[in-house]
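Okay, structure first, notes after.
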Amino acid sequence: MSQTLFEQHQDTLQGALSAIKSRDYWSPYPENPSPRVYGESADKDGQAAFKAHLNGDFELQMPGITGTAGSEVSPYGFPLGVRYPTVDLDVLLPAMQAARQQWRDIGVDARAGICLEILQRINQRSFEIGYGVMHTSGQGFMMAFQAGGPHAQDRGLEAIAYGYAAMTSAPGEATWTKPQGKHDPLVLAKKYTVVGRGVGLVIGCSTFPTWNTYPGLFASLVTGNPVVVKPHPAAILPAAISVQIAQQVLEEQGLPPHIVSLVIDANPAEPGTKALAQRDEIKLIDFTGNSAFGNWLEQHCPQAQVYTEKAGVNTIIIDATDNFKGMIQNLAFTLSLYSGQMCTTPQDIFIPAAGIDTDQGHKSFAEVAEALGNGISKFLSDPERAGMVIG
């Protein structure tokens, strides 16, 4: 059945493989939430699906469930009230280890087909996930839909493509033949099996709960590793929906659904991420967030291959411009976007002490700085626009 999924998603896979070679833009997941693209009722249905999660139990299939927990509060002013399963790691992680062989043995193509099917179904629920991102991260809906939906899915697909390319760069089978002079040649039939490292752990963040989760999730999953998703306690719902979709696809394929599992803190005041990250079963860790915790993971989890994306310092040097107004508008936008929480948001702007040449004549240092301050104030003066941009 999973082989059928591989064949079904060939166009998507080949498009992604071509894109990682050309480095050109390509995406099968439209970023425009237009009814013409996703259907006339997609927005309404997605909002209804999001609301259906509120104040209820969220069902997932995992060994070792001990109870429920959840304390998410929408930045727009109400508690979500969603109760997620809590688990006993001493039961869940050995079960995930036991599922590794079955996940390994279905092969590269079958795993790729399953991962692509999971992504397609996630895409079909982009509005539901978008509202989940909106009411956990605080982003405006358009930002939440795009970054939490299609753009996050693009990142997951890219991870699948790179994983697939790496796994298929060596043959699955080979015949080794060595001539023996007058004697019959020595012939060996060889078979190669891609083997994952172990259980992967993806640690989510509160600002981009899917955009920063899908790359690690799908990179580990397609290469043969069961995955634990550990979301930030303030932004569980978008990750939980994604895990639920993955479990549904896995179960349909006759595989243990807990190959992808969700672990949350039973008590956010007593986070268990450090203890989870140091478990012997965890062999891969993906984390995006603050430098302090990223550094801790790198230093204290020697049993795992650790990948971190930590804080950076991004600079802009303003040397000259032939469009002063446009430059100010662009800088005002990028400094405000996502409340300045993007990893690519500029933190330092350098302006020559003597000022710069522009299409409006020479501008002193003070004039450039004043224009930038005024540009930000003007851009954010419309509350509706400000809410949509900064969240």
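To be explicit about the labels: the chains of the structure tokens are called A, B, and onward in the order shown, and within each one the residues are counted from 1, while ligands get numbers from 1 in the order they are shown.
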(Q) For the helix (DSSP H, G or I) assignment from backbone DSSP, which residues of range 30-274 of chain A qualify? Please present them as number ranges by chain. (A) A: 35-38, 42-53, 89-105, 108-124, 126-137, 141-148, 150-167, 214-222, 237-252, 257-259, 273-274
Q | Thr344 in chain A environment, 10 Å, only C-alpha atoms, sequence neighbours closer than 5 positions dropped, as a ChimeraX atom specification | A | /A:311-315,334-335
Q: Find the spatial neighbours of range 369-376 of chain A, counting only C-alpha atoms, within a cut-off of 9 Å - ignore same-chain residues fewer than 5 positions away - and output them as a ChimeraX atom specification.
A: /A:325,328-329,331-333,335-336,351,364,381
Please save C-alpha atoms of the selected residues as a short mmCIF file (atom, residue, chain, number, x, y, z; two decimals), in the first residue's frame.
data_model
loop_
_atom_site.label_atom_id
_atom_site.label_comp_id
_atom_site.auth_asym_id
_atom_site.auth_seq_id
_atom_site.Cartn_x
_atom_site.Cartn_y
_atom_site.Cartn_z
CA LYS A 325 11.17 56.03 0.27
CA ILE A 328 12.47 53.06 4.44
CA GLN A 329 9.17 51.26 3.79
CA LEU A 331 13.01 48.35 6.52
CA ALA A 332 9.94 49.40 8.51
CA PHE A 333 8.17 46.25 7.36
CA LEU A 335 11.71 45.30 11.50
CA SER A 336 8.03 44.93 12.46
CA ILE A 351 24.73 54.17 8.62
CA SER A 364 22.63 62.93 6.99
CA SER A 381 -0.31 53.58 12.85
#
Just asking: which residues within range 78-233 of chain A are strand (DSSP E) according to DSSP, as a compact mmCIF listing (two decimals) with N, CA, C and O atoms, in the first residue's frame?
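Listed below is the output, part.txt:
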# COMPACT_ATOMS: atom_id res chain seq x y z
N PHE A 78 -8.34 34.16 25.18
CA PHE A 78 -9.15 33.10 25.79
C PHE A 78 -8.32 31.83 25.92
O PHE A 78 -7.42 31.58 25.12
N PRO A 79 -8.59 31.02 26.92
CA PRO A 79 -7.89 29.74 27.06
C PRO A 79 -8.38 28.75 26.01
O PRO A 79 -9.58 28.70 25.71
N TYR A 84 -4.35 17.29 26.21
CA TYR A 84 -3.56 16.34 25.42
C TYR A 84 -3.09 15.19 26.29
O TYR A 84 -2.92 15.34 27.51
N PRO A 85 -2.84 14.02 25.70
CA PRO A 85 -2.37 12.89 26.50
C PRO A 85 -0.96 13.14 27.06
O PRO A 85 -0.10 13.72 26.39
N THR A 86 -0.76 12.74 28.30
CA THR A 86 0.58 12.67 28.86
C THR A 86 1.00 11.20 28.86
O THR A 86 0.15 10.30 28.89
N VAL A 87 2.30 10.96 28.82
CA VAL A 87 2.76 9.57 28.68
C VAL A 87 3.88 9.25 29.64
O VAL A 87 4.61 10.13 30.09
N GLU A 173 21.13 -2.69 -4.05
CA GLU A 173 21.71 -4.01 -4.30
C GLU A 173 22.87 -3.85 -5.27
O GLU A 173 22.89 -2.94 -6.10
N ALA A 174 23.86 -4.73 -5.16
CA ALA A 174 25.00 -4.70 -6.08
C ALA A 174 25.58 -6.10 -6.20
O ALA A 174 25.48 -6.92 -5.28
N THR A 175 26.16 -6.35 -7.36
CA THR A 175 26.87 -7.61 -7.58
C THR A 175 28.36 -7.30 -7.72
O THR A 175 28.76 -6.54 -8.61
N TRP A 176 29.15 -7.87 -6.84
CA TRP A 176 30.60 -7.64 -6.80
C TRP A 176 31.29 -8.83 -7.47
O TRP A 176 31.11 -9.97 -7.05
N THR A 177 32.02 -8.56 -8.56
CA THR A 177 32.65 -9.64 -9.33
C THR A 177 34.14 -9.40 -9.44
O THR A 177 34.57 -8.32 -9.89
N LYS A 178 34.94 -10.38 -9.04
CA LYS A 178 36.39 -10.29 -9.13
C LYS A 178 36.92 -11.44 -9.99
O LYS A 178 36.75 -12.61 -9.66
N PRO A 179 37.57 -11.11 -11.13
CA PRO A 179 38.14 -12.16 -11.98
C PRO A 179 39.18 -12.99 -11.23
O PRO A 179 39.93 -12.47 -10.41
N GLN A 180 39.22 -14.29 -11.52
CA GLN A 180 40.16 -15.21 -10.86
C GLN A 180 41.03 -15.95 -11.88
O GLN A 180 41.37 -17.11 -11.70
N HIS A 183 40.24 -19.52 -13.22
CA HIS A 183 39.15 -20.03 -12.39
C HIS A 183 37.90 -19.17 -12.55
O HIS A 183 37.94 -18.07 -13.11
N ASP A 184 36.80 -19.72 -12.08
CA ASP A 184 35.56 -18.95 -12.14
C ASP A 184 35.70 -17.66 -11.32
O ASP A 184 36.37 -17.67 -10.27
N PRO A 185 35.10 -16.57 -11.77
CA PRO A 185 35.20 -15.31 -11.01
C PRO A 185 34.53 -15.43 -9.64
O PRO A 185 33.61 -16.22 -9.45
N LEU A 186 35.06 -14.66 -8.73
CA LEU A 186 34.45 -14.60 -7.40
C LEU A 186 33.29 -13.61 -7.45
O LEU A 186 33.47 -12.44 -7.82
N VAL A 187 32.10 -14.06 -7.11
CA VAL A 187 30.90 -13.23 -7.21
C VAL A 187 30.23 -13.12 -5.85
O VAL A 187 29.98 -14.14 -5.19
N LEU A 188 29.96 -11.89 -5.43
CA LEU A 188 29.23 -11.65 -4.19
C LEU A 188 28.01 -10.80 -4.49
O LEU A 188 28.10 -9.76 -5.15
N ALA A 189 26.87 -11.24 -4.03
CA ALA A 189 25.63 -10.45 -4.14
C ALA A 189 25.47 -9.66 -2.85
O ALA A 189 25.46 -10.22 -1.76
N LYS A 190 25.40 -8.34 -2.99
CA LYS A 190 25.33 -7.47 -1.81
C LYS A 190 23.98 -6.75 -1.76
O LYS A 190 23.42 -6.37 -2.78
N LYS A 191 23.52 -6.57 -0.55
CA LYS A 191 22.29 -5.82 -0.32
C LYS A 191 22.54 -4.78 0.76
O LYS A 191 23.14 -5.09 1.79
N VAL A 199 15.60 6.88 17.91
CA VAL A 199 14.44 7.75 18.04
C VAL A 199 14.90 9.21 17.92
O VAL A 199 15.87 9.62 18.55
N GLY A 200 14.19 9.97 17.09
CA GLY A 200 14.48 11.39 16.94
C GLY A 200 13.60 12.22 17.86
O GLY A 200 12.46 11.84 18.16
N LEU A 201 14.13 13.34 18.31
CA LEU A 201 13.38 14.27 19.16
C LEU A 201 13.38 15.64 18.49
O LEU A 201 14.45 16.18 18.18
N VAL A 202 12.20 16.17 18.26
CA VAL A 202 12.06 17.52 17.69
C VAL A 202 11.45 18.41 18.77
O VAL A 202 10.33 18.17 19.22
N ILE A 203 12.20 19.42 19.18
CA ILE A 203 11.76 20.33 20.24
C ILE A 203 11.22 21.60 19.59
O ILE A 203 11.96 22.34 18.94
N VAL A 227 9.87 9.36 15.59
CA VAL A 227 10.07 10.74 16.03
C VAL A 227 9.13 11.10 17.17
O VAL A 227 7.92 10.87 17.09
N VAL A 228 9.72 11.68 18.23
CA VAL A 228 8.96 12.31 19.30
C VAL A 228 8.92 13.81 19.03
O VAL A 228 9.97 14.44 18.86
N VAL A 229 7.73 14.36 18.96
CA VAL A 229 7.57 15.81 18.84
C VAL A 229 7.29 16.36 20.24
O VAL A 229 6.32 15.95 20.89
N LYS A 230 8.15 17.25 20.69
CA LYS A 230 7.99 17.89 22.02
C LYS A 230 7.73 19.38 21.77
O LYS A 230 8.66 20.18 21.66
Q.
Which residues are near Tyr338 in chain A? Cut-off 8 Å, only C-alpha atoms, ignore same chain within fewer than 2 positions. Put them as number ranges by chain.
A. A: 139, 336, 340-342, 389-391
Go ahead and write the selection's residues with all heavy atoms as a PDB file, in the first residue's frame.
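Contents of again31.pdb, freshly written:
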ATOM      1  N   GLN A 139       0.260  35.334  16.000  1.00  0.00           N
ATOM      2  CA  GLN A 139       0.385  35.934  14.675  1.00  0.00           C
ATOM      3  C   GLN A 139      -0.994  36.262  14.108  1.00  0.00           C
ATOM      4  O   GLN A 139      -1.994  35.658  14.470  1.00  0.00           O
ATOM      5  CB  GLN A 139       1.106  34.967  13.733  1.00  0.00           C
ATOM      6  CG  GLN A 139       2.527  34.650  14.134  1.00  0.00           C
ATOM      7  CD  GLN A 139       3.097  33.479  13.360  1.00  0.00           C
ATOM      8  OE1 GLN A 139       2.556  33.065  12.344  1.00  0.00           O
ATOM      9  NE2 GLN A 139       4.205  32.928  13.849  1.00  0.00           N
ATOM     10  N   SER A 336       9.288  45.138  11.738  1.00  0.00           N
ATOM     11  CA  SER A 336       8.028  44.933  12.462  1.00  0.00           C
ATOM     12  C   SER A 336       7.496  43.514  12.319  1.00  0.00           C
ATOM     13  O   SER A 336       6.771  43.024  13.194  1.00  0.00           O
ATOM     14  CB  SER A 336       6.964  45.916  11.955  1.00  0.00           C
ATOM     15  OG  SER A 336       7.404  47.253  12.068  1.00  0.00           O
ATOM     16  N   GLY A 340       9.400  41.157  15.186  1.00  0.00           N
ATOM     17  CA  GLY A 340      10.851  41.096  15.196  1.00  0.00           C
ATOM     18  C   GLY A 340      11.407  39.789  15.710  1.00  0.00           C
ATOM     19  O   GLY A 340      12.574  39.718  16.105  1.00  0.00           O
ATOM     20  N   GLN A 341      10.600  38.705  15.710  1.00  0.00           N
ATOM     21  CA  GLN A 341      11.030  37.428  16.286  1.00  0.00           C
ATOM     22  C   GLN A 341      11.636  36.464  15.281  1.00  0.00           C
ATOM     23  O   GLN A 341      12.124  35.408  15.657  1.00  0.00           O
ATOM     24  CB  GLN A 341       9.845  36.753  16.988  1.00  0.00           C
ATOM     25  CG  GLN A 341       9.364  37.507  18.215  1.00  0.00           C
ATOM     26  CD  GLN A 341       8.164  36.829  18.852  1.00  0.00           C
ATOM     27  OE1 GLN A 341       7.286  36.334  18.171  1.00  0.00           O
ATOM     28  NE2 GLN A 341       8.129  36.799  20.163  1.00  0.00           N
ATOM     29  N   MET A 342      11.599  36.828  13.996  1.00  0.00           N
ATOM     30  CA  MET A 342      12.184  35.939  12.997  1.00  0.00           C
ATOM     31  C   MET A 342      13.692  35.863  13.165  1.00  0.00           C
ATOM     32  O   MET A 342      14.343  36.836  13.529  1.00  0.00           O
ATOM     33  CB  MET A 342      11.873  36.463  11.591  1.00  0.00           C
ATOM     34  CG  MET A 342      10.517  36.052  11.079  1.00  0.00           C
ATOM     35  SD  MET A 342      10.482  34.317  10.588  1.00  0.00           S
ATOM     36  CE  MET A 342      11.334  34.392   9.028  1.00  0.00           C
ATOM     37  N   VAL A 389       0.585  42.331  11.017  1.00  0.00           N
ATOM     38  CA  VAL A 389       2.010  42.215  10.739  1.00  0.00           C
ATOM     39  C   VAL A 389       2.804  41.769  11.955  1.00  0.00           C
ATOM     40  O   VAL A 389       3.597  40.829  11.890  1.00  0.00           O
ATOM     41  CB  VAL A 389       2.572  43.564  10.207  1.00  0.00           C
ATOM     42  CG1 VAL A 389       4.096  43.519  10.104  1.00  0.00           C
ATOM     43  CG2 VAL A 389       1.973  43.879   8.851  1.00  0.00           C
ATOM     44  N   ILE A 390       2.587  42.439  13.096  1.00  0.00           N
ATOM     45  CA  ILE A 390       3.397  42.080  14.258  1.00  0.00           C
ATOM     46  C   ILE A 390       2.786  40.971  15.092  1.00  0.00           C
ATOM     47  O   ILE A 390       3.454  40.316  15.862  1.00  0.00           O
ATOM     48  CB  ILE A 390       3.672  43.315  15.151  1.00  0.00           C
ATOM     49  CG1 ILE A 390       2.385  43.854  15.777  1.00  0.00           C
ATOM     50  CG2 ILE A 390       4.383  44.401  14.389  1.00  0.00           C
ATOM     51  CD1 ILE A 390       2.627  45.010  16.758  1.00  0.00           C
ATOM     52  N   GLY A 391       1.467  40.733  14.931  1.00  0.00           N
ATOM     53  CA  GLY A 391       0.828  39.667  15.702  1.00  0.00           C
ATOM     54  C   GLY A 391       0.602  40.091  17.143  1.00  0.00           C
ATOM     55  O   GLY A 391       0.928  41.199  17.562  1.00  0.00           O
TER      56      GLY A 391
END
Q: Show which residues sit within 8 Å of Ala304 in chain A, as JSON, numbers by chain. Count only C-alpha atoms, and ignore same-chain residues fewer than 5 positions away.
A: {"A": [282, 283, 284, 285]}
Kindly save the residues from that selection, with N, CA and C atoms included, as a CSV table (one decimal), in the first residue's frame.
chain,number,residue,atom,x,y,z
A,282,ILE,N,17.0,8.4,22.7
A,282,ILE,CA,17.1,9.6,21.8
A,282,ILE,C,18.4,9.7,21.1
A,283,LYS,N,18.4,9.6,19.8
A,283,LYS,CA,19.7,9.6,19.1
A,283,LYS,C,19.8,10.8,18.1
A,284,LEU,N,18.7,11.5,17.9
A,284,LEU,CA,18.7,12.7,17.1
A,284,LEU,C,17.9,13.8,17.8
A,285,ILE,N,18.4,15.0,17.8
A,285,ILE,CA,17.7,16.1,18.4
A,285,ILE,C,17.7,17.3,17.5
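Excluding Gln14 in chain A itself and any same-chain residue fewer than 6 positions from it, the protein and nucleic acid residues within 12 Å of it, counting only C-alpha atoms, are Phe6, Glu7, Gln8, Ile20, Lys21, Trp26, Ser27, Pro28, Ala112, Leu116, Leu157, Glu158, Ile160, Ala161, Tyr162, Tyr164 and Ala165 of chain A.
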Go ahead and dump the residues you just picked, N, CA and C atoms, as an mmCIF file, in the first residue's frame.
data_model
loop_
_atom_site.group_PDB
_atom_site.id
_atom_site.type_symbol
_atom_site.label_atom_id
_atom_site.label_comp_id
_atom_site.auth_asym_id
_atom_site.auth_seq_id
_atom_site.Cartn_x
_atom_site.Cartn_y
_atom_site.Cartn_z
ATOM 1 N N PHE A 6 3.930 5.979 -2.761
ATOM 2 C CA PHE A 6 5.143 6.470 -3.410
ATOM 3 C C PHE A 6 4.870 6.805 -4.866
ATOM 4 N N GLU A 7 4.169 5.931 -5.546
ATOM 5 C CA GLU A 7 3.830 6.179 -6.950
ATOM 6 C C GLU A 7 2.853 7.352 -7.078
ATOM 7 N N GLN A 8 1.926 7.429 -6.151
ATOM 8 C CA GLN A 8 0.916 8.492 -6.177
ATOM 9 C C GLN A 8 1.538 9.883 -6.070
ATOM 10 N N ILE A 20 15.868 20.992 -5.348
ATOM 11 C CA ILE A 20 17.076 21.017 -4.504
ATOM 12 C C ILE A 20 18.343 20.986 -5.345
ATOM 13 N N LYS A 21 18.217 20.587 -6.607
ATOM 14 C CA LYS A 21 19.378 20.617 -7.501
ATOM 15 C C LYS A 21 19.527 21.988 -8.157
ATOM 16 N N TRP A 26 10.118 26.518 -6.158
ATOM 17 C CA TRP A 26 9.083 25.567 -6.559
ATOM 18 C C TRP A 26 8.326 25.145 -5.325
ATOM 19 N N SER A 27 7.016 25.059 -5.431
ATOM 20 C CA SER A 27 6.208 24.590 -4.318
ATOM 21 C C SER A 27 4.904 23.996 -4.828
ATOM 22 N N PRO A 28 4.512 22.832 -4.286
ATOM 23 C CA PRO A 28 3.207 22.264 -4.627
ATOM 24 C C PRO A 28 2.104 22.740 -3.684
ATOM 25 N N ALA A 112 9.209 7.277 2.002
ATOM 26 C CA ALA A 112 9.026 8.551 1.305
ATOM 27 C C ALA A 112 7.564 8.747 0.917
ATOM 28 N N LEU A 116 5.186 11.812 2.229
ATOM 29 C CA LEU A 116 4.550 12.723 1.269
ATOM 30 C C LEU A 116 3.030 12.736 1.441
ATOM 31 N N LEU A 157 8.868 19.241 3.000
ATOM 32 C CA LEU A 157 9.095 18.583 1.714
ATOM 33 C C LEU A 157 10.569 18.645 1.324
ATOM 34 N N GLU A 158 11.204 19.777 1.574
ATOM 35 C CA GLU A 158 12.622 19.907 1.268
ATOM 36 C C GLU A 158 13.436 18.884 2.072
ATOM 37 N N ILE A 160 12.381 15.983 3.155
ATOM 38 C CA ILE A 160 12.124 14.672 2.546
ATOM 39 C C ILE A 160 12.983 14.487 1.301
ATOM 40 N N ALA A 161 13.039 15.531 0.476
ATOM 41 C CA ALA A 161 13.802 15.437 -0.770
ATOM 42 C C ALA A 161 15.291 15.207 -0.503
ATOM 43 N N TYR A 162 15.861 15.971 0.424
ATOM 44 C CA TYR A 162 17.272 15.786 0.736
ATOM 45 C C TYR A 162 17.526 14.405 1.344
ATOM 46 N N TYR A 164 15.724 11.678 0.841
ATOM 47 C CA TYR A 164 15.555 10.674 -0.213
ATOM 48 C C TYR A 164 16.771 10.647 -1.129
ATOM 49 N N ALA A 165 17.261 11.833 -1.503
ATOM 50 C CA ALA A 165 18.428 11.904 -2.383
ATOM 51 C C ALA A 165 19.644 11.247 -1.738
#
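Pairwise distance (CA of Phe324 in chain A, CA of Lys378 in chain A) equals 15.5 Å.
For Gly132 in chain A, the list of residues within 8 Å, based on only C-alpha atoms and with local chain neighbours fewer than 2 positions off taken out, reads Phe50, Glu128, Ile129, Gly130, Met134, His135, Thr136, Leu237 and Pro238 of chain A.
If you look at CA of Asp57 in chain A and CA of His151 in chain A, they are 28.4 Å away from each other.
Distance annotation: of A:Asp357, A:Glu72, A:Asp382, A:Asp88, the residue with the minimal separation from Ile236 in chain A is A:Glu72; atom set is only C-alpha atoms.
Here the question is which of A:Leu92, A:Leu13, A:Glu252, A:Gly148 gets nearest to Leu276 in chain A using only C-alpha atoms, and that residue is A:Leu92.
Note that the spacing between CA of Asn267 in chain A and CA of Ser291 in chain A amounts to 23.5 Å.
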